[in-house]
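Engineer: Provided below: input.tsv, containing TSV, C-alpha atoms.
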chain	number	residue	atom	x	y	z
A	969	LEU	CA	-5.86	-22.89	5.91
A	970	ARG	CA	-5.83	-23.00	2.11
A	971	LEU	CA	-6.47	-25.99	-0.14
A	972	GLN	CA	-6.26	-26.11	-3.91
A	973	PRO	CA	-8.23	-29.17	-5.14
A	974	THR	CA	-7.82	-28.13	-8.79
A	975	GLU	CA	-5.62	-25.66	-10.65
A	976	GLU	CA	-8.60	-23.30	-11.07
A	977	LEU	CA	-10.13	-23.57	-7.58
A	978	ALA	CA	-8.80	-22.67	-4.14
A	979	ILE	CA	-10.77	-22.93	-0.89
A	980	GLY	CA	-9.84	-21.96	2.61
A	981	ALA	CA	-10.74	-20.80	6.07
A	982	ILE	CA	-9.46	-17.91	8.16
A	983	ALA	CA	-10.00	-17.30	11.87
A	984	TYR	CA	-9.48	-13.89	13.45
A	985	ARG	CA	-9.19	-12.97	17.10
A	986	HIS	CA	-9.33	-9.21	17.62
A	987	ASP	CA	-8.13	-8.18	21.08
A	988	PHE	CA	-7.48	-4.88	22.76
A	989	ASP	CA	-3.72	-4.40	23.03
A	990	LYS	CA	-3.95	-2.89	26.51
A	991	PRO	CA	-7.36	-2.88	28.18
A	992	ASP	CA	-7.69	0.32	30.21
A	993	SER	CA	-9.86	0.34	33.31
A	994	GLY	CA	-9.91	4.16	33.08
A	995	SER	CA	-11.97	3.89	29.90
A	996	GLY	CA	-14.21	1.21	31.41
A	997	ILE	CA	-12.75	-1.58	29.28
A	998	THR	CA	-11.13	-4.22	31.44
A	999	ALA	CA	-11.54	-7.32	29.23
A	1000	LYS	CA	-9.09	-8.02	26.40
A	1001	SER	CA	-11.43	-9.87	23.99
A	1002	ARG	CA	-12.89	-7.58	21.32
A	1003	TYR	CA	-14.20	-9.83	18.54
A	1004	ARG	CA	-13.92	-13.38	17.18
A	1005	GLU	CA	-14.54	-14.17	13.51
A	1006	VAL	CA	-14.36	-17.23	11.23
A	1007	ASN	CA	-14.51	-17.00	7.43
A	1008	VAL	CA	-14.58	-19.62	4.67
A	1009	TYR	CA	-13.80	-18.63	1.10
A	1010	ALA	CA	-13.43	-19.94	-2.44
A	1011	GLU	CA	-11.50	-18.46	-5.37
A	1012	TRP	CA	-12.13	-19.64	-8.92
A	1013	GLU	CA	-10.13	-18.80	-12.04
A	1014	THR	CA	-12.93	-18.75	-14.61
A	1015	PRO	CA	-12.50	-19.97	-18.21
A	1016	LEU	CA	-12.66	-16.30	-19.26
A	1017	ASP	CA	-9.12	-14.94	-19.63
A	1018	GLY	CA	-8.19	-12.74	-16.64
A	1019	VAL	CA	-11.50	-13.13	-14.74
A	1020	THR	CA	-11.50	-14.47	-11.19
A	1021	LEU	CA	-14.57	-15.04	-9.01
A	1022	ALA	CA	-14.35	-15.25	-5.21
A	1023	GLY	CA	-16.91	-15.73	-2.49
A	1024	LEU	CA	-16.71	-15.51	1.29
A	1025	LEU	CA	-19.04	-16.45	4.14
A	1026	GLY	CA	-18.27	-15.52	7.72
A	1027	ALA	CA	-19.58	-15.36	11.25
A	1028	GLY	CA	-18.39	-13.29	14.20
A	1029	LYS	CA	-19.25	-12.62	17.80
A	1030	ALA	CA	-18.38	-9.72	20.07
A	1031	GLY	CA	-16.18	-10.45	23.06
A	1032	ARG	CA	-16.53	-9.07	26.58
A	1033	GLY	CA	-14.25	-6.10	25.85
A	1034	ARG	CA	-16.40	-5.06	22.88
A	1035	GLU	CA	-19.52	-5.29	25.05
A	1036	GLN	CA	-17.83	-3.01	27.59
A	1037	GLU	CA	-16.85	-0.61	24.78
A	1038	LEU	CA	-20.44	-0.46	23.47
A	1039	GLY	CA	-22.03	-0.44	26.91
A	1040	VAL	CA	-24.45	-3.21	25.96
A	1041	GLN	CA	-24.49	-6.99	26.04
A	1042	ALA	CA	-23.94	-8.32	22.50
A	1043	ASP	CA	-25.08	-11.95	22.44
A	1044	GLU	CA	-25.95	-12.09	18.75
A	1045	THR	CA	-23.70	-13.56	16.10
A	1046	THR	CA	-23.00	-11.36	13.06
A	1047	TYR	CA	-23.04	-13.08	9.66
A	1048	LEU	CA	-21.52	-11.73	6.49
A	1049	GLY	CA	-21.18	-12.67	2.85
A	1050	GLN	CA	-19.18	-11.23	0.00
A	1051	ILE	CA	-18.80	-11.91	-3.72
A	1052	LEU	CA	-15.89	-10.44	-5.67
A	1053	VAL	CA	-15.22	-10.40	-9.38
A	1054	GLY	CA	-11.65	-9.61	-10.39
A	1055	TYR	CA	-10.24	-8.81	-13.80
A	1056	SER	CA	-6.53	-8.68	-14.64
A	1057	PHE	CA	-5.24	-7.22	-17.83
Take the structure in the file and write it out as structure tokens.
Structural biologist:
Amino acid sequence: LRLQPTEELAIGAIAYRHDFDKPDSGSGITAKSRYREVNVYAEWETPLDGVTLAGLLGAGKAGRGREQELGVQADETTYLGQILVGYSF
């Protein structure tokens, strides 16, 4: 999902579902779900020529297949944040 409320600003959301292609009971992984993640972001074309600022906030949670891969139960949600400054010339 991407929205552009003004010419200089774009906001959006991205959802990821990471799955094992072929779970293999020989390796101990029988569940397909590896990880689920949701991110929201904003991109801003600053008044400075060629400079773009972007920020991202996200949250993710391990699926049953990832828990089997790690050998532990992973009930905690992982949070992340990122700020990017871009310059085009």
Engineer: Residues near Glu1044 of chain A, anyone? I mean within 10 Å using all atoms listed in the file, not counting same-chain ones fewer than 4 positions away, as a PyMOL selection string.
Structural biologist: chain A and resi 1028-1030
Engineer: For segment 1012-1019 of chain A, find every residue with an atom within 6 Å (counting all atoms listed in the file), except residues of its own chain fewer than 3 positions away, and show them as a list in words.
Structural biologist: Glu976, Leu977, Gly1054, Tyr1055 and Ser1056 of chain A
Engineer: List the neighbours of Glu1011 of chain A out to 6 Å using only C-alpha atoms; skip same-chain residues closer than 2 positions along the sequence, and give me the result as number ranges by chain.
Structural biologist: A: 977-978, 1021-1022
Engineer: Smallest atom-to-atom distance to Glu1037 of chain A: which of A:Leu969, A:Thr974, A:Tyr984, A:Lys1000, using all atoms listed in the file?
Structural biologist: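 Ranking A:Leu969, A:Thr974, A:Tyr984, A:Lys1000 by distance to Glu1037 of chain A, first place goes to A:Lys1000.
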Engineer: For the point (-14.0, -21.7, 1.7) in file coordinates, what residues are within 9 Å, counting only C-alpha atoms? Give the answer as a ChimeraX atom specification?
Structural biologist: /A:970-971,978-982,1007-1011,1023-1025
Engineer: Looking at all atoms listed in the file, which of A:Ala983, A:Thr1020, A:Gln972, A:Ser1001 is the one that sits closest to Arg1034 of chain A?
Structural biologist: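 The shortest atom-to-atom distance to Arg1034 of chain A comes from A:Ser1001.
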Engineer: Restricting the calculation to all atoms listed in the file: of A:Tyr1047, A:Arg985, A:Lys990, A:Phe1057, which residue gets closest to Gly1031 of chain A?
Structural biologist: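 Going through A:Tyr1047, A:Arg985, A:Lys990, A:Phe1057 one by one, the smallest distance to Gly1031 of chain A is for A:Arg985.
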Engineer: Quick one, how far is atom CA of His986 of chain A from atom CA of Leu1048 of chain A?
Structural biologist: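 Going from atom CA of His986 of chain A over to atom CA of Leu1048 of chain A, I get 16.7 Å.
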Engineer: Quick check, in Å to one decimal: how far apart do atom CA of Asp989 of chain A and atom CA of Ala1042 of chain A lie?
Structural biologist: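 Atom CA of Ala1042 of chain A lies 20.6 Å from atom CA of Asp989 of chain A.
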Engineer: Could you model all heavy atoms for segment 971-982 of chain A and present them as a PDB file, in the frame of the given file?
Structural biologist:
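Once everything was written out, this is selection.pdb:
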ATOM      1  N   LEU A 971      -6.574 -24.766   0.647  1.00  0.00           N
ATOM      2  CA  LEU A 971      -6.470 -25.990  -0.140  1.00  0.00           C
ATOM      3  C   LEU A 971      -6.718 -25.646  -1.598  1.00  0.00           C
ATOM      4  O   LEU A 971      -7.515 -24.758  -1.898  1.00  0.00           O
ATOM      5  CB  LEU A 971      -7.510 -27.011   0.328  1.00  0.00           C
ATOM      6  CG  LEU A 971      -7.452 -27.397   1.804  1.00  0.00           C
ATOM      7  CD1 LEU A 971      -8.676 -28.228   2.172  1.00  0.00           C
ATOM      8  CD2 LEU A 971      -6.189 -28.159   2.116  1.00  0.00           C
ATOM      9  N   GLN A 972      -6.056 -26.354  -2.495  1.00  0.00           N
ATOM     10  CA  GLN A 972      -6.260 -26.110  -3.910  1.00  0.00           C
ATOM     11  C   GLN A 972      -6.563 -27.451  -4.585  1.00  0.00           C
ATOM     12  O   GLN A 972      -5.673 -28.117  -5.115  1.00  0.00           O
ATOM     13  CB  GLN A 972      -5.028 -25.450  -4.536  1.00  0.00           C
ATOM     14  CG  GLN A 972      -5.304 -24.926  -5.900  1.00  0.00           C
ATOM     15  CD  GLN A 972      -4.480 -23.708  -6.236  1.00  0.00           C
ATOM     16  OE1 GLN A 972      -3.653 -23.270  -5.468  1.00  0.00           O
ATOM     17  NE2 GLN A 972      -4.738 -23.159  -7.403  1.00  0.00           N
ATOM     18  N   PRO A 973      -7.869 -27.871  -4.583  1.00  0.00           N
ATOM     19  CA  PRO A 973      -8.230 -29.170  -5.140  1.00  0.00           C
ATOM     20  C   PRO A 973      -8.011 -29.267  -6.651  1.00  0.00           C
ATOM     21  O   PRO A 973      -7.770 -30.347  -7.169  1.00  0.00           O
ATOM     22  CB  PRO A 973      -9.700 -29.328  -4.784  1.00  0.00           C
ATOM     23  CG  PRO A 973     -10.182 -27.984  -4.402  1.00  0.00           C
ATOM     24  CD  PRO A 973      -8.997 -27.175  -4.008  1.00  0.00           C
ATOM     25  N   THR A 974      -8.108 -28.147  -7.356  1.00  0.00           N
ATOM     26  CA  THR A 974      -7.820 -28.130  -8.790  1.00  0.00           C
ATOM     27  C   THR A 974      -6.980 -26.891  -9.078  1.00  0.00           C
ATOM     28  O   THR A 974      -6.845 -26.003  -8.236  1.00  0.00           O
ATOM     29  CB  THR A 974      -9.106 -28.066  -9.647  1.00  0.00           C
ATOM     30  OG1 THR A 974      -9.717 -26.791  -9.477  1.00  0.00           O
ATOM     31  CG2 THR A 974     -10.076 -29.170  -9.289  1.00  0.00           C
ATOM     32  N   GLU A 975      -6.437 -26.818 -10.285  1.00  0.00           N
ATOM     33  CA  GLU A 975      -5.620 -25.660 -10.650  1.00  0.00           C
ATOM     34  C   GLU A 975      -6.430 -24.371 -10.658  1.00  0.00           C
ATOM     35  O   GLU A 975      -5.920 -23.293 -10.372  1.00  0.00           O
ATOM     36  CB  GLU A 975      -4.991 -25.904 -12.026  1.00  0.00           C
ATOM     37  CG  GLU A 975      -3.930 -24.900 -12.384  1.00  0.00           C
ATOM     38  CD  GLU A 975      -3.213 -25.276 -13.668  1.00  0.00           C
ATOM     39  OE1 GLU A 975      -2.806 -26.437 -13.806  1.00  0.00           O
ATOM     40  OE2 GLU A 975      -3.077 -24.383 -14.524  1.00  0.00           O
ATOM     41  N   GLU A 976      -7.743 -24.482 -10.956  1.00  0.00           N
ATOM     42  CA  GLU A 976      -8.600 -23.300 -11.070  1.00  0.00           C
ATOM     43  C   GLU A 976      -9.291 -22.913  -9.768  1.00  0.00           C
ATOM     44  O   GLU A 976      -9.823 -21.816  -9.659  1.00  0.00           O
ATOM     45  CB  GLU A 976      -9.686 -23.525 -12.132  1.00  0.00           C
ATOM     46  CG  GLU A 976      -9.182 -23.756 -13.528  1.00  0.00           C
ATOM     47  CD  GLU A 976      -8.787 -25.210 -13.787  1.00  0.00           C
ATOM     48  OE1 GLU A 976      -9.185 -26.091 -12.996  1.00  0.00           O
ATOM     49  OE2 GLU A 976      -8.057 -25.456 -14.755  1.00  0.00           O
ATOM     50  N   LEU A 977      -9.335 -23.809  -8.789  1.00  0.00           N
ATOM     51  CA  LEU A 977     -10.130 -23.570  -7.580  1.00  0.00           C
ATOM     52  C   LEU A 977      -9.277 -23.653  -6.324  1.00  0.00           C
ATOM     53  O   LEU A 977      -8.502 -24.592  -6.154  1.00  0.00           O
ATOM     54  CB  LEU A 977     -11.261 -24.612  -7.481  1.00  0.00           C
ATOM     55  CG  LEU A 977     -12.168 -24.524  -6.259  1.00  0.00           C
ATOM     56  CD1 LEU A 977     -12.976 -23.233  -6.285  1.00  0.00           C
ATOM     57  CD2 LEU A 977     -13.082 -25.734  -6.203  1.00  0.00           C
ATOM     58  N   ALA A 978      -9.441 -22.664  -5.459  1.00  0.00           N
ATOM     59  CA  ALA A 978      -8.800 -22.670  -4.140  1.00  0.00           C
ATOM     60  C   ALA A 978      -9.885 -22.414  -3.099  1.00  0.00           C
ATOM     61  O   ALA A 978     -10.767 -21.588  -3.311  1.00  0.00           O
ATOM     62  CB  ALA A 978      -7.724 -21.603  -4.057  1.00  0.00           C
ATOM     63  N   ILE A 979      -9.831 -23.131  -1.994  1.00  0.00           N
ATOM     64  CA  ILE A 979     -10.770 -22.930  -0.890  1.00  0.00           C
ATOM     65  C   ILE A 979      -9.973 -22.801   0.397  1.00  0.00           C
ATOM     66  O   ILE A 979      -8.844 -23.293   0.501  1.00  0.00           O
ATOM     67  CB  ILE A 979     -11.805 -24.079  -0.783  1.00  0.00           C
ATOM     68  CG1 ILE A 979     -11.091 -25.423  -0.645  1.00  0.00           C
ATOM     69  CG2 ILE A 979     -12.740 -24.085  -1.972  1.00  0.00           C
ATOM     70  CD1 ILE A 979     -12.014 -26.598  -0.425  1.00  0.00           C
ATOM     71  N   GLY A 980     -10.567 -22.133   1.361  1.00  0.00           N
ATOM     72  CA  GLY A 980      -9.840 -21.960   2.610  1.00  0.00           C
ATOM     73  C   GLY A 980     -10.698 -21.440   3.727  1.00  0.00           C
ATOM     74  O   GLY A 980     -11.887 -21.149   3.548  1.00  0.00           O
ATOM     75  N   ALA A 981     -10.085 -21.326   4.874  1.00  0.00           N
ATOM     76  CA  ALA A 981     -10.740 -20.800   6.070  1.00  0.00           C
ATOM     77  C   ALA A 981      -9.746 -19.907   6.809  1.00  0.00           C
ATOM     78  O   ALA A 981      -8.542 -20.176   6.817  1.00  0.00           O
ATOM     79  CB  ALA A 981     -11.197 -21.936   6.975  1.00  0.00           C
ATOM     80  N   ILE A 982     -10.277 -18.855   7.394  1.00  0.00           N
ATOM     81  CA  ILE A 982      -9.460 -17.910   8.160  1.00  0.00           C
ATOM     82  C   ILE A 982     -10.178 -17.625   9.472  1.00  0.00           C
ATOM     83  O   ILE A 982     -11.389 -17.372   9.476  1.00  0.00           O
ATOM     84  CB  ILE A 982      -9.276 -16.579   7.397  1.00  0.00           C
ATOM     85  CG1 ILE A 982      -8.660 -16.817   6.021  1.00  0.00           C
ATOM     86  CG2 ILE A 982      -8.433 -15.604   8.197  1.00  0.00           C
ATOM     87  CD1 ILE A 982      -8.657 -15.605   5.129  1.00  0.00           C
TER      88      ILE A 982
END
